[in-house]
$ cat data_33.pdb   # PDB, C-alpha atoms
ATOM      1  CA  GLY A  12     -40.953  38.579 -24.637  1.00  0.00           C
ATOM      2  CA  GLY A  13     -40.881  35.054 -23.256  1.00  0.00           C
ATOM      3  CA  ALA A  14     -39.002  33.765 -26.307  1.00  0.00           C
ATOM      4  CA  ALA A  15     -36.288  36.385 -25.808  1.00  0.00           C
ATOM      5  CA  VAL A  16     -35.842  35.356 -22.158  1.00  0.00           C
ATOM      6  CA  LEU A  17     -35.728  31.683 -23.148  1.00  0.00           C
ATOM      7  CA  ALA A  18     -33.171  32.404 -25.869  1.00  0.00           C
ATOM      8  CA  ALA A  19     -31.052  34.356 -23.391  1.00  0.00           C
ATOM      9  CA  CYS A  20     -31.167  31.477 -20.882  1.00  0.00           C
ATOM     10  CA  THR A  21     -30.113  28.854 -23.395  1.00  0.00           C
ATOM     11  CA  SER A  22     -27.327  30.937 -24.873  1.00  0.00           C
ATOM     12  CA  SER A  23     -25.837  31.631 -21.431  1.00  0.00           C
ATOM     13  CA  GLY A  24     -25.699  27.870 -20.819  1.00  0.00           C
ATOM     14  CA  ASP A  25     -23.085  27.545 -23.569  1.00  0.00           C
ATOM     15  CA  ALA A  26     -20.431  28.971 -21.220  1.00  0.00           C
ATOM     16  CA  ARG A  27     -20.161  25.675 -19.309  1.00  0.00           C
ATOM     17  CA  PRO A  28     -16.697  24.151 -19.290  1.00  0.00           C
ATOM     18  CA  GLU A  29     -16.298  21.046 -21.388  1.00  0.00           C
ATOM     19  CA  PRO A  30     -16.155  17.781 -19.468  1.00  0.00           C
ATOM     20  CA  PRO A  31     -12.669  16.289 -19.242  1.00  0.00           C
ATOM     21  CA  SER A  32     -11.614  13.962 -22.037  1.00  0.00           C
ATOM     22  CA  ALA A  33     -11.178  10.244 -21.458  1.00  0.00           C
ATOM     23  CA  ALA A  34      -7.399  10.737 -21.380  1.00  0.00           C
ATOM     24  CA  GLU A  35      -7.726  13.504 -18.763  1.00  0.00           C
ATOM     25  CA  ARG A  36     -10.032  11.345 -16.631  1.00  0.00           C
ATOM     26  CA  ALA A  37      -7.611   8.421 -16.882  1.00  0.00           C
ATOM     27  CA  ALA A  38      -4.666  10.645 -15.920  1.00  0.00           C
ATOM     28  CA  ARG A  39      -6.578  12.018 -12.926  1.00  0.00           C
ATOM     29  CA  ALA A  40      -7.588   8.521 -11.838  1.00  0.00           C
ATOM     30  CA  GLU A  41      -3.998   7.305 -12.078  1.00  0.00           C
ATOM     31  CA  ALA A  42      -2.712  10.328 -10.132  1.00  0.00           C
ATOM     32  CA  ALA A  43      -5.270   9.630  -7.397  1.00  0.00           C
ATOM     33  CA  LEU A  44      -4.306   5.940  -7.375  1.00  0.00           C
ATOM     34  CA  ARG A  45      -0.638   6.887  -7.071  1.00  0.00           C
ATOM     35  CA  ALA A  46      -1.422   9.284  -4.222  1.00  0.00           C
ATOM     36  CA  ARG A  47      -3.355   6.570  -2.333  1.00  0.00           C
ATOM     37  CA  SER A  48      -0.605   3.993  -2.885  1.00  0.00           C
ATOM     38  CA  ALA A  49       2.072   6.419  -1.708  1.00  0.00           C
ATOM     39  CA  ALA A  50      -0.036   7.267   1.363  1.00  0.00           C
ATOM     40  CA  THR A  51      -0.296   3.554   2.165  1.00  0.00           C
ATOM     41  CA  GLY A  52       3.479   3.321   1.930  1.00  0.00           C
ATOM     42  CA  ARG A  53       3.945   6.417   4.109  1.00  0.00           C
ATOM     43  CA  THR A  54       1.794   4.780   6.784  1.00  0.00           C
ATOM     44  CA  LEU A  55       4.125   1.774   6.753  1.00  0.00           C
ATOM     45  CA  LEU A  56       7.145   4.067   6.822  1.00  0.00           C
ATOM     46  CA  GLY A  57       5.675   5.755   9.901  1.00  0.00           C
ATOM     47  CA  ARG A  58       5.323   2.347  11.511  1.00  0.00           C
ATOM     48  CA  TYR A  59       9.018   1.640  10.887  1.00  0.00           C
ATOM     49  CA  ASP A  60       9.886   4.993  12.472  1.00  0.00           C
ATOM     50  CA  ALA A  61       7.761   4.216  15.525  1.00  0.00           C
ATOM     51  CA  VAL A  62       9.419   0.812  16.008  1.00  0.00           C
ATOM     52  CA  LEU A  63      12.875   2.335  15.559  1.00  0.00           C
ATOM     53  CA  ALA A  64      12.082   5.065  18.099  1.00  0.00           C
ATOM     54  CA  ALA A  65      10.872   2.487  20.628  1.00  0.00           C
ATOM     55  CA  HIS A  66      13.662  -0.023  19.929  1.00  0.00           C
ATOM     56  CA  PRO A  67      16.850   1.732  18.755  1.00  0.00           C
ATOM     57  CA  ALA A  68      18.773  -1.537  19.110  1.00  0.00           C
ATOM     58  CA  LEU A  69      16.877  -2.822  16.049  1.00  0.00           C
ATOM     59  CA  ALA A  70      18.288  -0.069  13.811  1.00  0.00           C
ATOM     60  CA  GLY A  71      20.906  -2.294  12.185  1.00  0.00           C
ATOM     61  CA  ARG A  72      18.273  -4.818  11.205  1.00  0.00           C
ATOM     62  CA  LEU A  73      15.503  -2.403  10.208  1.00  0.00           C
ATOM     63  CA  ALA A  74      17.470   0.379   8.477  1.00  0.00           C
ATOM     64  CA  PRO A  75      17.826  -1.435   5.113  1.00  0.00           C
ATOM     65  CA  LEU A  76      14.146  -2.429   5.096  1.00  0.00           C
ATOM     66  CA  ARG A  77      13.054   1.084   6.039  1.00  0.00           C
ATOM     67  CA  ALA A  78      15.239   2.535   3.264  1.00  0.00           C
ATOM     68  CA  SER A  79      13.578   0.169   0.805  1.00  0.00           C
ATOM     69  CA  VAL A  80      10.111   1.223   1.972  1.00  0.00           C
ATOM     70  CA  ALA A  81      11.109   4.901   1.614  1.00  0.00           C
ATOM     71  CA  ALA A  82      12.259   4.248  -1.966  1.00  0.00           C
ATOM     72  CA  HIS A  83       8.969   2.469  -2.689  1.00  0.00           C
ATOM     73  CA  VAL A  84       6.977   5.429  -1.358  1.00  0.00           C
ATOM     74  CA  LYS A  85       8.899   7.757  -3.651  1.00  0.00           C
ATOM     75  CA  ALA A  86       8.426   5.507  -6.688  1.00  0.00           C
ATOM     76  CA  LEU A  87       4.741   4.921  -5.978  1.00  0.00           C
ATOM     77  CA  GLY A  88       4.049   8.628  -5.623  1.00  0.00           C
ATOM     78  CA  GLU A  89       5.777   9.809  -8.789  1.00  0.00           C
ATOM     79  CA  GLY A  90       3.151  11.414 -10.982  1.00  0.00           C
ATOM     80  CA  ALA A  91       0.643  11.647  -8.143  1.00  0.00           C
ATOM     81  CA  ALA A  92      -1.383  14.781  -7.639  1.00  0.00           C
ATOM     82  CA  PRO A  93       0.226  16.874  -4.900  1.00  0.00           C
ATOM     83  CA  PRO A  94      -1.709  16.742  -1.631  1.00  0.00           C
ATOM     84  CA  ALA A  95      -3.846  19.762  -0.890  1.00  0.00           C
ATOM     85  CA  PRO A  96      -2.246  22.011   1.712  1.00  0.00           C
ATOM     86  CA  ALA A  97      -3.666  21.602   5.203  1.00  0.00           C
ATOM     87  CA  PRO A  98      -5.649  24.611   6.410  1.00  0.00           C
ATOM     88  CA  LYS A  99      -3.772  26.765   8.882  1.00  0.00           C
ATOM     89  CA  ALA A 100      -5.250  27.231  12.340  1.00  0.00           C
ATOM     90  CA  PRO A 101      -5.817  30.854  13.325  1.00  0.00           C
ATOM     91  CA  ALA A 102      -3.156  32.267  15.638  1.00  0.00           C
ATOM     92  CA  SER A 103      -5.788  33.107  18.230  1.00  0.00           C
ATOM     93  CA  ALA A 104      -7.056  29.524  18.463  1.00  0.00           C
ATOM     94  CA  SER A 105      -6.686  28.004  21.886  1.00  0.00           C
ATOM     95  CA  GLY A 106      -4.655  24.824  22.199  1.00  0.00           C
ATOM     96  CA  PRO A 107      -2.263  23.310  19.689  1.00  0.00           C
ATOM     97  CA  ALA A 108      -3.274  23.079  16.074  1.00  0.00           C
ATOM     98  CA  SER A 109      -3.829  19.558  14.917  1.00  0.00           C
ATOM     99  CA  ALA A 110      -3.890  18.218  11.409  1.00  0.00           C
ATOM    100  CA  PRO A 111      -7.046  16.466  10.342  1.00  0.00           C
ATOM    101  CA  ALA A 112      -6.852  12.712  10.354  1.00  0.00           C
ATOM    102  CA  SER A 113      -5.822  11.264   7.039  1.00  0.00           C
ATOM    103  CA  PRO A 114      -8.440   9.013   5.498  1.00  0.00           C
ATOM    104  CA  SER A 115      -5.672   6.702   4.320  1.00  0.00           C
ATOM    105  CA  ALA A 116      -4.063   6.340   7.740  1.00  0.00           C
ATOM    106  CA  SER A 117      -4.510   2.859   9.068  1.00  0.00           C
ATOM    107  CA  PRO A 118      -4.972   1.777  12.669  1.00  0.00           C
ATOM    108  CA  THR A 119      -1.630  -0.044  12.356  1.00  0.00           C
ATOM    109  CA  ALA A 120       0.201   3.280  12.137  1.00  0.00           C
ATOM    110  CA  ALA A 121      -1.363   4.587  15.342  1.00  0.00           C
ATOM    111  CA  ALA A 122      -1.049   1.339  17.311  1.00  0.00           C
ATOM    112  CA  PRO A 123       1.411   1.484  20.194  1.00  0.00           C
ATOM    113  CA  VAL A 124       4.692  -0.323  19.652  1.00  0.00           C
ATOM    114  CA  PRO A 125       5.026  -3.427  21.844  1.00  0.00           C
ATOM    115  CA  ALA A 126       7.682  -3.183  24.552  1.00  0.00           C
ATOM    116  CA  ASP A 127       9.107  -6.561  23.536  1.00  0.00           C
ATOM    117  CA  PRO A 128      11.363  -6.214  20.461  1.00  0.00           C
ATOM    118  CA  ALA A 129      10.270  -9.597  19.074  1.00  0.00           C
ATOM    119  CA  ALA A 130       6.605  -8.592  19.337  1.00  0.00           C
ATOM    120  CA  ALA A 131       7.415  -5.241  17.701  1.00  0.00           C
ATOM    121  CA  LEU A 132       8.988  -7.099  14.775  1.00  0.00           C
ATOM    122  CA  THR A 133       5.960  -9.372  14.501  1.00  0.00           C
ATOM    123  CA  ASP A 134       3.661  -6.340  14.398  1.00  0.00           C
ATOM    124  CA  LEU A 135       5.867  -4.662  11.804  1.00  0.00           C
ATOM    125  CA  ALA A 136       5.762  -7.824   9.693  1.00  0.00           C
ATOM    126  CA  ALA A 137       1.957  -7.766   9.905  1.00  0.00           C
ATOM    127  CA  ALA A 138       1.990  -4.128   8.738  1.00  0.00           C
ATOM    128  CA  GLU A 139       4.225  -5.128   5.814  1.00  0.00           C
ATOM    129  CA  ARG A 140       1.813  -7.933   4.861  1.00  0.00           C
ATOM    130  CA  ALA A 141      -1.208  -5.631   5.107  1.00  0.00           C
ATOM    131  CA  THR A 142       0.514  -3.018   2.935  1.00  0.00           C
ATOM    132  CA  ALA A 143       1.507  -5.673   0.387  1.00  0.00           C
ATOM    133  CA  ASP A 144      -2.097  -6.917   0.335  1.00  0.00           C
ATOM    134  CA  THR A 145      -3.350  -3.373  -0.276  1.00  0.00           C
ATOM    135  CA  HIS A 146      -0.929  -2.892  -3.169  1.00  0.00           C
ATOM    136  CA  THR A 147      -1.921  -6.277  -4.600  1.00  0.00           C
ATOM    137  CA  ALA A 148      -5.616  -5.371  -4.460  1.00  0.00           C
ATOM    138  CA  THR A 149      -4.859  -2.085  -6.215  1.00  0.00           C
ATOM    139  CA  LEU A 150      -3.422  -3.996  -9.178  1.00  0.00           C
ATOM    140  CA  LEU A 151      -6.958  -4.616 -10.435  1.00  0.00           C
ATOM    141  CA  THR A 152      -7.561  -0.941 -11.187  1.00  0.00           C
ATOM    142  CA  ALA A 153      -4.038   0.184 -12.074  1.00  0.00           C
ATOM    143  CA  PRO A 154      -2.814   0.886 -15.603  1.00  0.00           C
ATOM    144  CA  PRO A 155      -0.330  -1.782 -16.815  1.00  0.00           C
ATOM    145  CA  GLU A 156       2.943   0.041 -16.141  1.00  0.00           C
ATOM    146  CA  TYR A 157       1.869   1.122 -12.668  1.00  0.00           C
ATOM    147  CA  ALA A 158       0.490  -2.364 -11.966  1.00  0.00           C
ATOM    148  CA  ARG A 159       3.959  -3.795 -12.601  1.00  0.00           C
ATOM    149  CA  LEU A 160       5.427  -1.351 -10.086  1.00  0.00           C
ATOM    150  CA  LEU A 161       2.746  -2.197  -7.529  1.00  0.00           C
ATOM    151  CA  ALA A 162       3.379  -5.923  -8.016  1.00  0.00           C
ATOM    152  CA  SER A 163       7.090  -5.417  -7.451  1.00  0.00           C
ATOM    153  CA  VAL A 164       6.516  -3.332  -4.315  1.00  0.00           C
ATOM    154  CA  ALA A 165       4.002  -5.881  -2.990  1.00  0.00           C
ATOM    155  CA  ALA A 166       6.513  -8.691  -3.559  1.00  0.00           C
ATOM    156  CA  ALA A 167       9.194  -6.725  -1.729  1.00  0.00           C
ATOM    157  CA  GLY A 168       6.763  -6.179   1.156  1.00  0.00           C
ATOM    158  CA  ALA A 169       6.132  -9.912   1.362  1.00  0.00           C
ATOM    159  CA  ALA A 170       9.894 -10.501   1.452  1.00  0.00           C
ATOM    160  CA  HIS A 171      10.250  -7.879   4.195  1.00  0.00           C
ATOM    161  CA  ALA A 172       7.557  -9.623   6.237  1.00  0.00           C
ATOM    162  CA  TYR A 173       9.444 -12.897   5.867  1.00  0.00           C
ATOM    163  CA  LEU A 174      12.723 -11.291   6.913  1.00  0.00           C
ATOM    164  CA  LEU A 175      11.080  -9.699   9.946  1.00  0.00           C
ATOM    165  CA  THR A 176       9.672 -12.997  11.222  1.00  0.00           C
ATOM    166  CA  GLU A 177      10.660 -16.306   9.635  1.00  0.00           C
ATOM    167  CA  GLY A 178      14.040 -15.074   8.430  1.00  0.00           C
ATOM    168  CA  ALA A 179      15.102 -14.338  11.999  1.00  0.00           C
ATOM    169  CA  ARG A 180      14.450 -17.930  13.078  1.00  0.00           C
ATOM    170  CA  GLY A 181      16.764 -19.548  10.567  1.00  0.00           C
TER     171      GLY A 181
END

$ encode --input "data_33.pdb" --output "structure tokens"
Amino acid sequence: GGAAVLAACTSSGDARPEPPSAAERAARAEAALRARSAATGRTLLGRYDAVLAAHPALAGRLAPLRASVAAHVKALGEGAAPPAPAPKAPASASGPASAPASPSASPTAAAPVPADPAAALTDLAAAERATADTHTATLLTAPPEYARLLASVAAAGAAHAYLLTEGARG
């Protein structure tokens, strides 16, 4: 009797799904990397939007840089796993529904924009440098083709930081 139970237990264990192949694991890892890199870029894009909202007079100067950042976000996110939909708050909940904080959101995105336009540009340049540093650090774990894209985006971020600070002085 015991042997029959044991045989039944071991045969039911065969229904386990196979672990993902190395190629599937690599594809999932790259999709997650792309999603994180795009989220980092979206945080910077949000910072541009905040500065533009606080200082509309800077639009002529910031619009081309913001457009470049938006293009980078799109390129970085291509092939990324789509984000999971946020859970909906019940209609009977009291107070406004709020989205959960994103783990990739940085304090830079939530920081208030300085009232002085020059200080706002300095802060935006710091956000560009921090984003470029994040993309550069990600190069170590990125597949070759994506690493080249990250390197290009990081270099553009460094150029943006220069244009936001040093470039204005000359």

$ closest_residue --input "data_33.pdb" --among "A:Ala148, A:Ala137, A:Ala78, A:Ala40" --to "Ala165 in chain A" --atoms "all atoms listed in the file"
A:Ala148

$ residues_around --input "data_33.pdb" --residues "range 166-174 of chain A" --least-positions-apart "2" --cutoff "8 Å" --atoms "all atoms listed in the file" --output "list in words"
Leu76, Leu135, Ala136, Ala137, Glu139, Arg140, Thr142, Ala143, Ala162, Ser163, Val164, Thr176, Glu177, Gly178 and Ala179 of chain A

$ closest_residue --input "data_33.pdb" --among "A:Ala49, A:Val62, A:Leu175, A:Ala122" --to "Leu160 in chain A" --atoms "all atoms listed in the file"
A:Ala49

$ atom_distance --input "data_33.pdb" --atom1 "CA of Leu87 in chain A" --atom2 "CA of Ala65 in chain A"
27.4 Å

$ closest_residue --input "data_33.pdb" --among "A:Ala131, A:Ala86, A:Val80, A:Ala33" --to "Pro67 in chain A" --atoms "all atoms listed in the file"
A:Ala131

$ resolve_selection --input "data_33.pdb" --expression "the PyMOL selection byres ((chain A and resi 126) around 12)" --output "list in words"
Ala61, Val62, Leu63, Ala64, Ala65, His66, Pro67, Pro123, Val124, Pro125, Asp127, Pro128, Ala129, Ala130, Ala131, Leu132, Thr133 and Asp134 of chain A

$ atom_distance --input "data_33.pdb" --atom1 "CA of Ala138 in chain A" --atom2 "CA of Leu151 in chain A"
21.2 Å

$ axis_aligned_box --input "data_33.pdb" --around "range 166-173 of chain A" --padding-each-side "8 Å" --output "JSON"
{"center_x": 8.2, "center_y": -9.5, "center_z": 1.3, "size_x": 20.1, "size_y": 22.7, "size_z": 25.8}

$ atom_distance --input "data_33.pdb" --atom1 "CA of Ala158 in chain A" --atom2 "CA of Pro75 in chain A"
24.4 Å

$ resolve_selection --input "data_33.pdb" --expression "the PyMOL selection byres ((chain A and resi 44-46) around 10)" --output "number ranges by chain"
A: 38-43, 47-52, 84, 86-94, 115, 149, 152-154, 157, 161

$ closest_residue --input "data_33.pdb" --among "A:His146, A:Ser32, A:Leu56, A:Ala37" --to "Lys85 in chain A" --atoms "only C-alpha atoms"
A:Leu56
